[in-house]
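Q: Take a look at query29.cif, mmCIF, C-alpha atoms:
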```cif
data_protein
loop_
_atom_site.label_atom_id
_atom_site.label_comp_id
_atom_site.auth_asym_id
_atom_site.auth_seq_id
_atom_site.Cartn_x
_atom_site.Cartn_y
_atom_site.Cartn_z
CA MET A 1 -78.67 22.92 149.63
CA ARG A 2 -79.72 20.01 151.81
CA GLY A 3 -83.04 21.52 152.82
CA SER A 4 -81.80 25.04 153.56
CA THR A 5 -83.46 27.91 151.81
CA LEU A 6 -81.40 30.64 150.23
CA VAL A 7 -82.16 33.52 152.58
CA LYS A 8 -79.52 35.91 153.85
CA ILE A 9 -79.17 35.46 157.59
CA SER A 10 -79.89 38.37 159.91
CA PRO A 11 -77.15 40.16 161.87
CA GLU A 12 -78.51 38.55 165.06
CA GLU A 13 -78.41 35.06 163.55
CA LEU A 14 -74.91 35.73 162.22
CA ALA A 15 -73.68 36.72 165.69
CA SER A 16 -75.23 33.59 167.19
CA ARG A 17 -73.78 31.28 164.53
CA LEU A 18 -70.31 32.80 164.83
CA LYS A 19 -70.24 31.93 168.55
CA THR A 20 -70.49 28.23 167.72
CA LEU A 21 -68.26 28.25 164.64
CA LEU A 22 -65.25 25.99 165.11
CA GLU A 23 -61.67 26.72 164.09
CA PRO A 24 -60.26 27.23 161.56
CA TRP A 25 -63.34 29.09 160.29
CA THR A 26 -63.42 32.86 160.68
CA LEU A 27 -65.46 35.74 159.32
CA SER A 28 -63.62 37.82 156.72
CA GLU A 29 -63.92 41.56 156.13
CA LYS A 30 -66.16 40.72 153.18
CA GLN A 31 -68.50 38.82 155.54
CA HIS A 32 -67.52 35.43 154.12
CA LEU A 33 -66.61 32.31 156.09
CA VAL A 34 -62.96 31.53 155.40
CA ALA A 35 -60.65 28.74 156.54
CA CYS A 36 -57.11 27.61 155.78
CA PHE A 37 -56.14 23.96 156.16
CA SER A 38 -52.50 22.85 156.19
CA PHE A 39 -51.23 19.54 154.85
CA ALA A 40 -47.94 17.65 154.76
CA ASN A 41 -47.83 17.78 150.96
CA PHE A 42 -49.67 18.75 147.80
CA ALA A 43 -51.26 15.31 147.33
CA GLN A 44 -52.94 15.46 150.75
CA GLY A 45 -54.27 18.94 150.01
CA LEU A 46 -55.60 17.80 146.65
CA ALA A 47 -57.32 14.80 148.25
CA PHE A 48 -58.98 17.17 150.74
CA VAL A 49 -60.12 19.45 147.90
CA ASN A 50 -61.74 16.45 146.21
CA LEU A 51 -63.59 15.57 149.43
CA VAL A 52 -64.76 19.18 149.78
CA GLY A 53 -65.88 19.11 146.15
CA ALA A 54 -67.98 16.00 146.75
CA LEU A 55 -69.60 17.64 149.79
CA ALA A 56 -70.24 20.81 147.81
CA GLU A 57 -72.06 18.79 145.16
CA GLU A 58 -74.07 16.98 147.83
CA PHE A 59 -75.06 20.31 149.41
CA ASN A 60 -75.45 22.02 146.01
CA HIS A 61 -73.47 24.87 147.57
CA HIS A 62 -69.99 25.60 146.29
CA PRO A 63 -67.09 27.34 148.05
CA ASP A 64 -64.29 29.20 146.35
CA ILE A 65 -61.25 26.93 146.70
CA SER A 66 -57.56 27.79 146.50
CA LEU A 67 -54.95 25.01 146.55
CA SER A 68 -51.27 25.74 147.01
CA PHE A 69 -48.33 23.47 147.82
CA ARG A 70 -49.36 22.60 151.40
CA GLU A 71 -52.45 24.70 152.02
CA VAL A 72 -56.10 24.77 151.04
CA ARG A 73 -58.07 27.99 151.50
CA LEU A 74 -61.86 27.87 151.42
CA ASP A 75 -64.13 30.88 151.07
CA LEU A 76 -67.81 30.24 151.76
CA TYR A 77 -70.64 32.61 150.98
CA SER A 78 -73.80 32.57 148.92
CA HIS A 79 -72.92 33.97 145.53
CA LYS A 80 -76.54 34.82 144.66
CA LEU A 81 -77.00 36.74 147.92
CA ASP A 82 -73.48 38.16 148.11
CA GLY A 83 -73.69 37.22 151.77
CA LEU A 84 -74.14 34.35 154.18
CA CYS A 85 -77.05 31.98 154.59
CA LEU A 86 -77.63 28.92 156.76
CA ALA A 87 -76.20 26.63 154.06
CA ASP A 88 -72.79 28.31 154.43
CA PHE A 89 -72.64 27.35 158.10
CA GLU A 90 -73.97 23.84 157.43
CA LEU A 91 -71.32 23.25 154.77
CA ALA A 92 -68.56 24.70 156.99
CA GLU A 93 -69.58 22.26 159.73
CA ALA A 94 -69.58 19.31 157.31
CA ILE A 95 -66.16 20.30 155.95
CA GLY A 96 -64.83 20.57 159.49
CA ALA A 97 -65.95 17.00 160.13
CA LEU A 98 -63.68 15.82 157.29
CA ARG A 99 -60.60 16.65 159.34
#
```
Take the structure I supplied and represent it as structure tokens, if you would.

A:
Amino acid sequence: MRGSTLVKISPEELASRLKTLLEPWTLSEKQHLVACFSFANFAQGLAFVNLVGALAEEFNHHPDISLSFREVRLDLYSHKLDGLCLADFELAEAIGALR
């Protein structure tokens, strides 16, 4: 996880981080970071998924990924914590930079 420790972030830190979170990322009811990315076709979505996969390996932090015809949905949270940690926000930022 690129230097981040696996510690669940506090409610105060979560509120602060959410203020700087860029679209399309939002906080779900389950307290996960979620984003949907639209593409012109399946091949473009698949290429994006492969880029996200490479980043996930680099960060050693892996989102849940759903690929449909023209859309990719990402769900970020720390599986071990069943919540969010700093690495979730760092990975969301890095994924956002891919677009």

Q: For region 49-61 of chain A, find every residue with an atom within 12 Å (counting all atoms listed in the file), except residues of its own chain fewer than 4 positions away, and show them as a ChimeraX atom specification.

A: /A:1-6,36-39,42-45,65-68,70-80,84-99

Q: To one decimal place in Å, what is the distance between CA of His32 (chain A) and CA of Leu18 (chain A)?

A: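 CA of Leu18 (chain A) lies 11.4 Å from CA of His32 (chain A).
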
Q: Just to confirm, what's the straight-line distance from CA of Lys30 (chain A) to CA of Leu46 (chain A) in Å (one decimal)?

A: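 The value is 26.1 Å.
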
Q: Provide the CA of His62 (chain A) to CA of Gly83 (chain A) distance in Å, to one decimal place.

A: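 Spanning CA of His62 (chain A) to CA of Gly83 (chain A) is a straight-line distance of 13.4 Å.
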
Q: Would you mind telling me which residue in A:Phe69, A:Lys8, A:Leu81, A:Leu21 lies nearest to Asn41 (chain A) when using all atoms listed in the file?

A: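 Of the candidates, the smallest distance to Asn41 (chain A) is held by A:Phe69.
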